file coords.csv (CSV, C-alpha atoms)
chain,number,residue,atom,x,y,z
T,1,GLY,CA,81.8,-79.3,61.2
T,2,ASP,CA,81.3,-77.6,57.9
T,3,THR,CA,83.4,-78.2,54.9
T,4,VAL,CA,84.8,-74.8,53.9
T,5,ALA,CA,87.0,-73.2,51.3
T,6,VAL,CA,89.7,-70.8,52.5
T,7,GLU,CA,92.3,-68.5,51.2
T,8,LEU,CA,95.7,-68.0,52.9
T,9,VAL,CA,96.3,-64.5,54.3
T,10,ASP,CA,99.4,-62.8,55.7
T,11,ALA,CA,100.0,-63.3,59.4
T,12,GLU,CA,100.2,-59.5,60.1
T,13,VAL,CA,96.8,-59.0,58.3
T,14,ALA,CA,95.2,-61.9,60.2
T,15,LEU,CA,96.4,-60.7,63.6
T,16,ALA,CA,95.2,-57.2,62.8
T,17,GLU,CA,91.8,-58.5,61.8
T,18,ALA,CA,91.6,-60.7,64.9
T,19,ARG,CA,92.3,-57.7,67.2
T,20,GLN,CA,89.7,-55.6,65.4
T,21,PHE,CA,87.2,-58.4,65.6
T,22,ALA,CA,87.8,-58.9,69.3
T,23,LYS,CA,87.4,-55.2,70.0
T,24,GLU,CA,84.1,-55.1,68.1
T,25,SER,CA,82.8,-58.2,69.8
T,26,LYS,CA,83.5,-56.8,73.2
T,27,GLN,CA,81.6,-53.6,72.3
T,28,GLY,CA,78.7,-55.6,70.8
T,29,ALA,CA,78.5,-57.8,73.9
T,30,SER,CA,78.4,-54.7,76.2
T,31,GLY,CA,75.6,-53.3,74.1
T,32,SER,CA,73.7,-56.6,74.1
T,33,ALA,CA,73.9,-57.0,77.8
T,34,SER,CA,72.4,-53.6,78.4
T,35,GLY,CA,69.5,-53.8,76.0
T,36,SER,CA,69.4,-56.6,73.5
T,37,LYS,CA,66.1,-58.6,73.1
T,38,ALA,CA,65.1,-61.8,71.3
T,39,GLU,CA,64.2,-60.8,67.8
T,40,ASP,CA,61.4,-63.3,67.2
T,41,GLY,CA,59.9,-63.4,70.7
T,42,ASP,CA,57.4,-61.2,72.5
T,43,GLY,CA,59.9,-58.4,73.1
T,44,GLU,CA,60.7,-59.4,76.7
T,45,ALA,CA,63.2,-62.3,76.5
T,46,PRO,CA,66.8,-61.1,76.6
T,47,VAL,CA,69.3,-62.9,74.4
T,48,GLU,CA,72.1,-64.6,76.3
T,49,GLU,CA,75.5,-64.1,74.7
T,50,VAL,CA,77.3,-67.2,73.5
T,51,GLY,CA,81.1,-67.2,73.3
T,52,LEU,CA,82.1,-68.7,69.9
T,53,ALA,CA,85.7,-67.7,69.9
T,54,THR,CA,88.2,-70.6,70.1
T,55,VAL,CA,91.2,-70.8,72.4
T,56,ALA,CA,93.4,-69.9,69.5
T,57,GLU,CA,91.4,-66.7,68.7
T,58,ASN,CA,91.6,-65.6,72.4
T,59,ASN,CA,95.3,-66.2,72.4
T,60,ILE,CA,95.8,-64.1,69.3
T,61,ILE,CA,94.6,-61.1,71.2
T,62,ASP,CA,97.3,-61.5,73.8
T,63,ASP,CA,100.4,-59.4,72.9
T,64,ASP,CA,102.7,-62.0,74.6
T,65,TYR,CA,101.4,-64.6,72.2
T,66,GLU,CA,101.7,-62.4,69.0
T,67,ASP,CA,105.4,-63.2,68.2
T,68,GLN,CA,104.7,-66.9,68.3
T,69,SER,CA,101.5,-66.5,66.3
T,70,LYS,CA,103.4,-64.7,63.4
T,71,SER,CA,105.2,-68.0,62.6
T,72,GLN,CA,101.8,-69.8,62.0
T,73,ARG,CA,99.8,-69.8,58.8
T,74,TYR,CA,96.4,-68.2,58.6
T,75,ALA,CA,93.5,-68.4,56.3
T,76,ARG,CA,90.2,-66.7,55.7
T,77,VAL,CA,86.9,-68.6,55.1
T,78,VAL,CA,85.6,-67.5,51.7
T,79,SER,CA,82.9,-70.1,51.1
T,80,ILE,CA,80.9,-72.8,52.9
T,81,VAL,CA,81.0,-75.9,50.6
T,82,ARG,CA,78.9,-78.1,52.7
T,83,ARG,CA,77.1,-77.6,56.0
T,84,GLY,CA,77.9,-80.1,58.8
T,85,TRP,CA,74.5,-79.9,60.4
T,86,MET,CA,73.0,-83.1,61.6
T,87,ASP,CA,70.0,-84.0,59.4
T,88,LYS,CA,68.3,-85.8,62.4
T,89,GLY,CA,68.6,-82.6,64.5
T,90,TYR,CA,70.0,-81.8,67.9
T,91,CYS,CA,68.8,-82.6,71.4
T,92,GLY,CA,68.4,-79.9,74.0
T,93,SER,CA,65.9,-77.7,75.7
T,94,ILE,CA,64.4,-74.2,75.5
T,95,GLN,CA,66.5,-71.6,77.3
T,96,PRO,CA,64.4,-70.4,80.2
T,97,ARG,CA,65.5,-66.8,79.9
T,98,SER,CA,64.1,-66.7,76.3
T,99,LEU,CA,60.6,-67.7,77.4
T,100,PRO,CA,57.8,-65.0,77.5
T,101,LYS,CA,57.6,-63.3,80.8
T,102,SER,CA,53.8,-62.9,80.6
T,103,GLU,CA,52.1,-66.0,82.1
T,104,GLN,CA,49.2,-65.6,79.7
T,105,LEU,CA,51.4,-65.4,76.7
T,106,LEU,CA,53.4,-68.3,78.0
T,107,ARG,CA,50.4,-70.6,78.5
T,108,ASN,CA,48.2,-69.4,75.6
T,109,PRO,CA,50.2,-67.4,73.1
T,110,GLY,CA,47.7,-67.8,70.2
T,111,ARG,CA,50.6,-67.3,67.8
T,112,PRO,CA,54.1,-68.7,67.3
T,113,VAL,CA,56.5,-67.3,69.9
T,114,GLY,CA,60.2,-66.9,69.3
T,115,VAL,CA,62.4,-68.7,71.8
T,116,LEU,CA,66.1,-69.8,71.9
T,117,PHE,CA,66.9,-73.5,71.9
T,118,GLN,CA,70.0,-74.6,73.9
T,119,PRO,CA,71.6,-77.7,72.5
T,120,ALA,CA,72.8,-80.4,75.0
T,121,ASP,CA,76.2,-80.1,73.5
T,122,ARG,CA,77.4,-76.8,74.9
T,123,ARG,CA,79.9,-76.4,72.1
T,124,LEU,CA,77.0,-75.5,69.8
T,125,PRO,CA,75.4,-72.1,69.6
T,126,LEU,CA,71.8,-71.3,70.6
T,127,VAL,CA,69.2,-71.8,67.9
T,128,ARG,CA,66.3,-69.5,67.2
T,129,MET,CA,63.0,-71.2,66.8
T,130,ARG,CA,59.2,-70.5,67.0
T,131,THR,CA,56.6,-72.5,68.7
T,132,ARG,CA,52.9,-72.3,69.7
T,133,GLN,CA,53.4,-74.4,72.9
T,134,PRO,CA,56.3,-72.8,74.8
T,135,ALA,CA,54.9,-73.8,78.2
T,136,VAL,CA,54.7,-77.4,77.3
T,137,LEU,CA,58.1,-77.6,75.6
T,138,ALA,CA,59.8,-75.6,78.4
T,139,GLU,CA,60.0,-78.7,80.6
T,140,GLN,CA,61.0,-81.2,78.0
T,141,ARG,CA,64.1,-82.4,76.1
T,142,ILE,CA,63.3,-81.7,72.4
T,143,VAL,CA,64.9,-82.2,69.0
T,144,VAL,CA,65.4,-79.2,66.8
T,145,VAL,CA,66.7,-79.2,63.2
T,146,VAL,CA,68.8,-76.3,62.0
T,147,ASP,CA,67.5,-74.7,58.8
T,148,ALA,CA,69.7,-71.8,58.1
T,149,TRP,CA,72.2,-69.3,59.6
T,150,GLU,CA,71.9,-65.9,58.1
T,151,ALA,CA,75.1,-63.8,57.8
T,152,ASP,CA,73.6,-61.0,59.9
T,153,SER,CA,72.1,-63.2,62.6
T,154,ALA,CA,73.8,-64.0,65.9
T,155,TYR,CA,72.2,-67.4,65.9
T,156,PRO,CA,71.1,-70.0,63.4
T,157,SER,CA,67.3,-70.6,62.9
T,158,GLY,CA,65.6,-74.0,63.1
T,159,HIS,CA,62.4,-75.8,63.7
T,160,TYR,CA,61.0,-78.1,66.4
T,161,VAL,CA,60.8,-81.8,65.4
T,162,ARG,CA,59.7,-83.8,68.4
T,163,ALA,CA,59.9,-84.1,72.2
T,164,LEU,CA,61.9,-86.9,73.9
T,165,GLY,CA,60.4,-86.6,77.4
T,166,MET,CA,60.6,-84.6,80.6
T,167,ILE,CA,63.9,-83.0,81.6
T,168,GLY,CA,65.7,-85.1,84.3
T,169,ASP,CA,63.9,-88.3,83.6
T,170,ARG,CA,66.3,-91.2,83.2
T,171,GLU,CA,64.7,-92.6,80.1
T,172,THR,CA,64.7,-89.1,78.5
T,173,GLU,CA,68.3,-88.4,79.3
T,174,THR,CA,69.3,-91.8,77.9
T,175,ARG,CA,67.6,-90.9,74.6
T,176,VAL,CA,69.5,-87.6,74.6
T,177,ILE,CA,72.8,-89.4,74.9
T,178,LEU,CA,72.0,-92.0,72.2
T,179,HIS,CA,70.8,-89.2,69.9
T,180,GLN,CA,73.9,-87.1,70.5
T,181,HIS,CA,76.2,-90.0,69.5
T,182,ASP,CA,74.0,-91.0,66.5
T,183,VAL,CA,73.0,-94.4,68.1
T,184,ALA,CA,69.8,-96.0,66.7
T,185,ASP,CA,66.7,-95.3,68.7
T,186,PRO,CA,65.9,-98.3,71.0
T,187,ASP,CA,62.3,-98.2,69.8
T,188,GLU,CA,63.2,-97.9,66.1
T,189,GLY,CA,63.8,-101.7,65.6
T,190,PHE,CA,64.6,-103.1,62.2
T,191,SER,CA,62.6,-102.6,59.0
T,192,PRO,CA,60.7,-105.5,57.3
T,193,ALA,CA,63.4,-105.4,54.5
T,194,VAL,CA,66.1,-106.1,57.1
T,195,HIS,CA,64.1,-109.0,58.7
T,196,ALA,CA,63.6,-110.4,55.2
T,197,CYS,CA,67.4,-111.0,54.9
T,198,VAL,CA,67.4,-113.3,58.0
T,199,PRO,CA,66.9,-117.0,57.3
T,200,GLU,CA,63.7,-118.5,58.7
T,201,LEU,CA,63.9,-120.2,62.1
T,202,PRO,CA,64.6,-122.9,63.0
T,203,TRP,CA,67.9,-122.8,61.1
T,204,SER,CA,70.6,-125.5,61.0
T,205,VAL,CA,73.8,-126.2,59.2
T,206,PRO,CA,73.1,-128.1,56.0
T,207,ALA,CA,74.0,-131.8,56.0
T,208,THR,CA,76.3,-131.2,53.0
T,209,ILE,CA,78.6,-128.3,53.3
T,210,GLU,CA,79.3,-126.9,49.8
T,211,ASP,CA,81.9,-124.3,50.8
T,212,LYS,CA,85.3,-126.0,49.9
T,213,TRP,CA,87.2,-123.5,52.0
T,214,ARG,CA,85.2,-124.4,55.2
T,215,ARG,CA,86.8,-127.0,57.5
T,216,ASP,CA,84.7,-129.3,59.7
T,217,ILE,CA,86.1,-129.1,63.3
T,218,ARG,CA,83.0,-130.5,65.1
T,219,SER,CA,85.2,-133.2,66.6
T,220,MET,CA,87.3,-130.6,68.4
T,221,CYS,CA,86.6,-129.4,71.9
T,222,VAL,CA,85.5,-125.8,71.5
T,223,PHE,CA,84.4,-123.7,74.5
T,224,SER,CA,82.9,-120.3,74.9
T,225,VAL,CA,84.4,-117.5,77.0
T,226,ASP,CA,81.1,-115.6,77.4
T,227,PRO,CA,79.5,-115.5,80.8
T,228,PRO,CA,76.7,-117.8,81.8
T,229,GLY,CA,73.3,-116.7,80.5
T,230,CYS,CA,74.8,-114.9,77.5
T,231,ARG,CA,72.6,-115.5,74.4
T,232,ASP,CA,74.7,-113.9,71.7
T,233,ILE,CA,77.8,-116.1,72.0
T,234,ASP,CA,80.0,-114.8,69.1
T,235,ASP,CA,83.4,-116.1,70.1
T,236,ALA,CA,85.0,-119.3,71.4
T,237,LEU,CA,88.4,-120.9,72.0
T,238,SER,CA,89.9,-124.3,71.5
T,239,ALA,CA,93.2,-125.9,72.5
T,240,ARG,CA,94.9,-129.1,71.3
T,241,ILE,CA,98.3,-130.8,71.5
T,242,VAL,CA,100.1,-130.7,68.2
T,243,GLU,CA,101.7,-134.0,67.1
T,244,PRO,CA,105.2,-134.0,65.6
T,245,SER,CA,103.9,-135.6,62.4
T,246,GLU,CA,101.9,-132.5,61.7
T,247,LEU,CA,105.0,-130.3,61.3
T,248,ALA,CA,107.3,-129.9,58.3
T,249,ASP,CA,110.8,-131.3,58.9
T,250,THR,CA,113.4,-128.5,58.2
T,251,ASP,CA,116.8,-127.6,59.5
T,252,ASP,CA,115.6,-124.1,60.6
T,253,GLY,CA,116.6,-123.3,64.2
T,254,ASP,CA,113.2,-122.1,65.2
T,255,ASN,CA,111.5,-125.2,63.6
T,256,MET,CA,113.9,-127.5,65.5
T,257,LEU,CA,112.7,-125.9,68.8
T,258,ILE,CA,109.1,-126.3,67.7
T,259,MET,CA,109.8,-130.0,66.9
T,260,SER,CA,111.3,-130.5,70.2
T,261,LEU,CA,108.3,-129.1,72.0
T,262,ALA,CA,106.0,-131.2,69.9
T,263,SER,CA,108.0,-134.4,70.6
T,264,SER,CA,107.7,-133.7,74.4
T,265,GLY,CA,103.9,-133.0,74.1
T,266,GLN,CA,104.3,-129.4,75.1
T,267,LEU,CA,103.3,-127.7,71.8
T,268,VAL,CA,99.7,-126.5,72.0
T,269,GLU,CA,97.6,-124.9,69.2
T,270,LEU,CA,95.2,-122.3,70.5
T,271,GLY,CA,92.2,-121.7,68.2
T,272,VAL,CA,90.1,-118.6,68.1
T,273,HIS,CA,86.6,-119.1,66.7
T,274,ILE,CA,84.4,-116.2,65.7
T,275,ALA,CA,80.8,-116.6,64.6
T,276,ASP,CA,80.6,-116.3,60.8
T,277,VAL,CA,78.1,-113.5,60.5
T,278,THR,CA,79.3,-112.5,57.0
T,279,HIS,CA,77.9,-115.8,55.7
T,280,PHE,CA,74.4,-114.3,56.3
T,281,VAL,CA,75.0,-110.5,55.8
T,282,LYS,CA,75.4,-110.2,52.0
T,283,PRO,CA,77.0,-107.0,50.6
T,284,GLY,CA,74.5,-104.4,49.4
T,285,THR,CA,71.5,-105.9,51.1
T,286,ALA,CA,69.1,-104.0,53.4
T,287,MET,CA,70.7,-105.8,56.4
T,288,ASP,CA,74.2,-104.9,55.3
T,289,ILE,CA,73.3,-101.2,54.8
T,290,GLU,CA,71.5,-101.0,58.2
T,291,ALA,CA,74.4,-102.7,60.0
T,292,SER,CA,76.8,-100.2,58.4
T,293,ARG,CA,74.7,-97.4,59.6
T,294,ARG,CA,74.6,-98.7,63.2
T,295,CYS,CA,78.3,-99.7,63.1
T,296,THR,CA,78.2,-101.8,66.3
T,297,SER,CA,76.0,-103.0,69.1
T,298,VAL,CA,75.8,-100.5,72.0
T,299,TYR,CA,75.6,-101.7,75.6
T,300,LEU,CA,74.2,-99.5,78.3
T,301,VAL,CA,73.5,-100.2,81.9
T,302,ASP,CA,69.9,-101.2,81.3
T,303,ARG,CA,69.7,-102.1,77.6
T,304,ARG,CA,71.4,-103.1,74.4
T,305,ILE,CA,70.9,-101.6,71.0
T,306,ASP,CA,71.7,-104.3,68.4
T,307,MET,CA,73.6,-103.9,65.2
T,308,LEU,CA,71.8,-106.9,63.7
T,309,PRO,CA,68.4,-108.6,64.3
T,310,LYS,CA,68.2,-110.8,67.4
T,311,PRO,CA,67.3,-114.0,65.4
T,312,LEU,CA,70.7,-113.8,63.8
T,313,THR,CA,72.8,-112.8,66.8
T,314,GLU,CA,71.1,-114.9,69.4
T,315,ASP,CA,70.2,-118.0,67.4
T,316,ILE,CA,71.6,-118.5,63.9
T,317,CYS,CA,75.1,-117.2,64.7
T,318,SER,CA,75.3,-117.9,68.4
T,319,LEU,CA,77.9,-120.5,69.3
T,320,ARG,CA,75.6,-122.4,71.6
T,321,CYS,CA,76.6,-125.7,73.3
T,322,GLY,CA,75.8,-128.8,71.3
T,323,VAL,CA,74.5,-126.9,68.2
T,324,ASP,CA,76.4,-126.8,64.9
T,325,ARG,CA,77.3,-123.3,63.8
T,326,TYR,CA,79.4,-121.6,61.2
T,327,THR,CA,82.6,-119.9,62.4
call {"tool": "encode", "arguments": {"input": "coords.csv", "output": "structure tokens"}}
result
Amino acid sequence: GDTVAVELVDAEVALAEARQFAKESKQGASGSASGSKAEDGDGEAPVEEVGLATVAENNIIDDDYEDQSKSQRYARVVSIVRRGWMDKGYCGSIQPRSLPKSEQLLRNPGRPVGVLFQPADRRLPLVRMRTRQPAVLAEQRIVVVVDAWEADSAYPSGHYVRALGMIGDRETETRVILHQHDVADPDEGFSPAVHACVPELPWSVPATIEDKWRRDIRSMCVFSVDPPGCRDIDDALSARIVEPSELADTDDGDNMLIMSLASSGQLVELGVHIADVTHFVKPGTAMDIEASRRCTSVYLVDRRIDMLPKPLTEDICSLRCGVDRYT
């Protein structure tokens, strides 16, 4: 949403303005339904009304709700500090009712035709846009970027960016879902700068480990909990019997119980081992910035969108059997 500046107003004033706004909105909707046309189109496409009132605004109009509403605080928006529009645009399709009724004008307009774009997210308003290819775009999911929203316009205005594919196609609808949730495009891949941050293959743990804080546990039995066939094994477990000699001897009651368990061979240390990706992803690098943008790997039914390049996740950091790796 937008970042706005507001000023507090009296509850009585706010309720009075809300009732007046509701009255005017109903009158305007009645007039639009009887004769409103799309401003930028061919003069034939009717504008479909979009309800933008929130539940709270609708409740304000209810007299039974008024007494409770007076105890709440109200404010009036006086300035829009920053627009919350997505720079990458919104997915959706052209509203069929806004298309030219003339078949000739639809197929060969010869000039930009005004239509209304319906975002896939129905919480968003229609967007006014112009295009020279309404017939082609009418059957596709498209991306539109919002440019402005004039104070005297019922809808914001925007421009067409690109088409994602035919409406109803599984691949197209998958792209819409990914775009709506700001997930990286599966075809986008990683930039050369990101790949440059990945060590060259084949990679192996150095013979001499210089990190003093790193402990060598290659003699321990460590096993993966990932299913067979998994290539990016990023976590593993270990379990070992703790000897009494490893424990500090104190008179503490809890420690005596622990010592008792260790003496009988019943004290087990459970180890959780996570692939040490941070050893390779240095702060401020291209790979770090890209990983921050993607946030996480996304798993769908038929694909996976990685947060990091595959050479790192499926080889260098993968805890494969019989291969030395950092954790």
call {"tool": "residues_around", "arguments": {"input": "coords.csv", "residues": "range 283-288 of chain T", "least_positions_apart": "5", "cutoff": "7 Å", "atoms": "all atoms listed in the file", "output": "list in words"}}
result
Ala193, Val194 and Cys197 of chain T
call {"tool": "closest_atom_pairs", "arguments": {"input": "coords.csv", "of": "range 282-319 of chain T", "to": "range 169-189 of chain T", "cutoff": "12 Å", "atoms": "all atoms listed in the file", "output": "tab-separated table"}}
result
residue	atom	partner	partner_atom	distance
T:Glu290	CA	T:Ala184	CA	10.0
T:Ala291	CA	T:Ala184	CA	10.5
T:Ser292	CA	T:Ala184	CA	11.6
T:Arg293	CA	T:Ala184	CA	8.7
T:Arg294	CA	T:Ala184	CA	6.5
T:Cys295	CA	T:Val183	CA	9.0
T:Thr296	CA	T:Val183	CA	9.2
T:Ser297	CA	T:Val183	CA	9.2
T:Val298	CA	T:Val183	CA	7.8
T:Tyr299	CA	T:Val183	CA	10.8
T:Leu300	CA	T:Thr174	CA	9.1
T:Val301	CA	T:Thr174	CA	10.2
T:Asp302	CA	T:Thr174	CA	10.0
T:Arg303	CA	T:Pro186	CA	8.5
T:Arg304	CA	T:Pro186	CA	8.1
T:Ile305	CA	T:Pro186	CA	6.0
T:Asp306	CA	T:Ala184	CA	8.7
T:Met307	CA	T:Ala184	CA	8.9
T:Leu308	CA	T:Gly189	CA	9.7
T:Pro309	CA	T:Gly189	CA	8.4
T:Lys310	CA	T:Gly189	CA	10.3
call {"tool": "atom_distance", "arguments": {"input": "coords.csv", "atom1": "CA of Ala22 in chain T", "atom2": "CA of Val6 in chain T"}}
result
20.7 Å
call {"tool": "residues_around", "arguments": {"input": "coords.csv", "residues": "Gln140 in chain T", "least_positions_apart": "6", "cutoff": "9 Å", "atoms": "all atoms listed in the file", "output": "PyMOL selection string"}}
result
chain T and resi 92-94+163-168+172
call {"tool": "write_last_selection", "arguments": {"input": "coords.csv", "atoms": "C-alpha atoms", "output": "PDB file, in the frame of the given file"}}
result
ATOM      1  CA  GLY T  92      68.400 -79.900  74.000  1.00  0.00           C
ATOM      2  CA  SER T  93      65.900 -77.700  75.700  1.00  0.00           C
ATOM      3  CA  ILE T  94      64.400 -74.200  75.500  1.00  0.00           C
ATOM      4  CA  ALA T 163      59.900 -84.100  72.200  1.00  0.00           C
ATOM      5  CA  LEU T 164      61.900 -86.900  73.900  1.00  0.00           C
ATOM      6  CA  GLY T 165      60.400 -86.600  77.400  1.00  0.00           C
ATOM      7  CA  MET T 166      60.600 -84.600  80.600  1.00  0.00           C
ATOM      8  CA  ILE T 167      63.900 -83.000  81.600  1.00  0.00           C
ATOM      9  CA  GLY T 168      65.700 -85.100  84.300  1.00  0.00           C
ATOM     10  CA  THR T 172      64.700 -89.100  78.500  1.00  0.00           C
TER      11      THR T 172
END
call {"tool": "residues_around", "arguments": {"input": "coords.csv", "residues": "Leu137 in chain T", "least_positions_apart": "4", "cutoff": "12 Å", "atoms": "all atoms listed in the file", "output": "PDB file with C-alpha atoms, keeping the file's coordinate frame"}}
result
ATOM      1  CA  GLY T  92      68.400 -79.900  74.000  1.00  0.00           C
ATOM      2  CA  SER T  93      65.900 -77.700  75.700  1.00  0.00           C
ATOM      3  CA  ILE T  94      64.400 -74.200  75.500  1.00  0.00           C
ATOM      4  CA  GLN T  95      66.500 -71.600  77.300  1.00  0.00           C
ATOM      5  CA  PRO T  96      64.400 -70.400  80.200  1.00  0.00           C
ATOM      6  CA  LEU T  99      60.600 -67.700  77.400  1.00  0.00           C
ATOM      7  CA  LEU T 106      53.400 -68.300  78.000  1.00  0.00           C
ATOM      8  CA  ARG T 107      50.400 -70.600  78.500  1.00  0.00           C
ATOM      9  CA  VAL T 113      56.500 -67.300  69.900  1.00  0.00           C
ATOM     10  CA  VAL T 115      62.400 -68.700  71.800  1.00  0.00           C
ATOM     11  CA  LEU T 116      66.100 -69.800  71.900  1.00  0.00           C
ATOM     12  CA  PHE T 117      66.900 -73.500  71.900  1.00  0.00           C
ATOM     13  CA  MET T 129      63.000 -71.200  66.800  1.00  0.00           C
ATOM     14  CA  ARG T 130      59.200 -70.500  67.000  1.00  0.00           C
ATOM     15  CA  THR T 131      56.600 -72.500  68.700  1.00  0.00           C
ATOM     16  CA  ARG T 132      52.900 -72.300  69.700  1.00  0.00           C
ATOM     17  CA  GLN T 133      53.400 -74.400  72.900  1.00  0.00           C
ATOM     18  CA  ARG T 141      64.100 -82.400  76.100  1.00  0.00           C
ATOM     19  CA  ILE T 142      63.300 -81.700  72.400  1.00  0.00           C
ATOM     20  CA  VAL T 143      64.900 -82.200  69.000  1.00  0.00           C
ATOM     21  CA  VAL T 144      65.400 -79.200  66.800  1.00  0.00           C
ATOM     22  CA  TYR T 160      61.000 -78.100  66.400  1.00  0.00           C
ATOM     23  CA  VAL T 161      60.800 -81.800  65.400  1.00  0.00           C
ATOM     24  CA  ARG T 162      59.700 -83.800  68.400  1.00  0.00           C
ATOM     25  CA  ALA T 163      59.900 -84.100  72.200  1.00  0.00           C
ATOM     26  CA  LEU T 164      61.900 -86.900  73.900  1.00  0.00           C
ATOM     27  CA  GLY T 165      60.400 -86.600  77.400  1.00  0.00           C
ATOM     28  CA  MET T 166      60.600 -84.600  80.600  1.00  0.00           C
ATOM     29  CA  ILE T 167      63.900 -83.000  81.600  1.00  0.00           C
TER      30      ILE T 167
END
call {"tool": "atom_distance", "arguments": {"input": "coords.csv", "atom1": "CA of Arg83 in chain T", "atom2": "CA of Asp2 in chain T"}}
result
4.6 Å
call {"tool": "closest_residue", "arguments": {"input": "coords.csv", "among": "T:Gly265, T:Gly158, T:Pro125, T:Pro311", "to": "Ile241 in chain T", "atoms": "all atoms listed in the file"}}
result
T:Gly265
call {"tool": "atom_distance", "arguments": {"input": "coords.csv", "atom1": "CA of Met220 in chain T", "atom2": "CA of Thr313 in chain T"}}
result
23.0 Å
call {"tool": "closest_residue", "arguments": {"input": "coords.csv", "among": "T:Gly322, T:Pro112, T:Pro244, T:Gly89", "to": "Val222 in chain T", "atoms": "all atoms listed in the file"}}
result
T:Gly322
call {"tool": "closest_residue", "arguments": {"input": "coords.csv", "among": "T:Glu103, T:Asp121, T:Asp235, T:Asp147", "to": "Gly84 in chain T", "atoms": "all atoms listed in the file"}}
result
T:Asp147
call {"tool": "residues_around", "arguments": {"input": "coords.csv", "residues": "range 204-211 of chain T", "least_positions_apart": "4", "cutoff": "8 Å", "atoms": "only C-alpha atoms", "output": "list in words"}}
result
Ile316, Asp324, Arg325 and Tyr326 of chain T
call {"tool": "closest_residue", "arguments": {"input": "coords.csv", "among": "T:Ile80, T:Ala14, T:Ile217, T:Ala135", "to": "Ala151 in chain T", "atoms": "only C-alpha atoms"}}
result
T:Ile80
call {"tool": "build_atoms", "arguments": {"input": "coords.csv", "residues": "range 142-146 of chain T", "atoms": "all heavy atoms", "output": "compact mmCIF listing (two decimals), in the frame of the given file"}}
result
# COMPACT_ATOMS: atom_id res chain seq x y z
N ILE T 142 63.90 -81.70 73.77
CA ILE T 142 63.30 -81.70 72.40
C ILE T 142 64.42 -81.86 71.38
O ILE T 142 65.61 -81.70 71.67
CB ILE T 142 62.51 -80.42 72.17
CG1 ILE T 142 63.40 -79.18 72.25
CG2 ILE T 142 61.36 -80.31 73.17
CD1 ILE T 142 62.69 -77.88 71.91
N VAL T 143 63.98 -82.14 70.16
CA VAL T 143 64.90 -82.20 69.00
C VAL T 143 64.57 -81.11 68.06
O VAL T 143 63.40 -80.91 67.69
CB VAL T 143 64.74 -83.60 68.29
CG1 VAL T 143 65.63 -83.65 67.06
CG2 VAL T 143 65.08 -84.75 69.23
N VAL T 144 65.60 -80.38 67.67
CA VAL T 144 65.40 -79.20 66.80
C VAL T 144 66.40 -79.42 65.59
O VAL T 144 67.56 -79.78 65.77
CB VAL T 144 65.73 -77.91 67.49
CG1 VAL T 144 65.85 -76.76 66.50
CG2 VAL T 144 64.63 -77.63 68.50
N VAL T 145 65.91 -79.16 64.39
CA VAL T 145 66.70 -79.20 63.20
C VAL T 145 67.08 -77.81 62.75
O VAL T 145 66.22 -76.92 62.71
CB VAL T 145 65.96 -79.94 62.04
CG1 VAL T 145 66.71 -79.79 60.71
CG2 VAL T 145 65.78 -81.41 62.37
N VAL T 146 68.36 -77.60 62.46
CA VAL T 146 68.80 -76.30 62.00
C VAL T 146 68.49 -76.12 60.52
O VAL T 146 68.79 -76.99 59.71
CB VAL T 146 70.34 -76.14 62.22
CG1 VAL T 146 70.84 -74.82 61.64
CG2 VAL T 146 70.68 -76.22 63.71
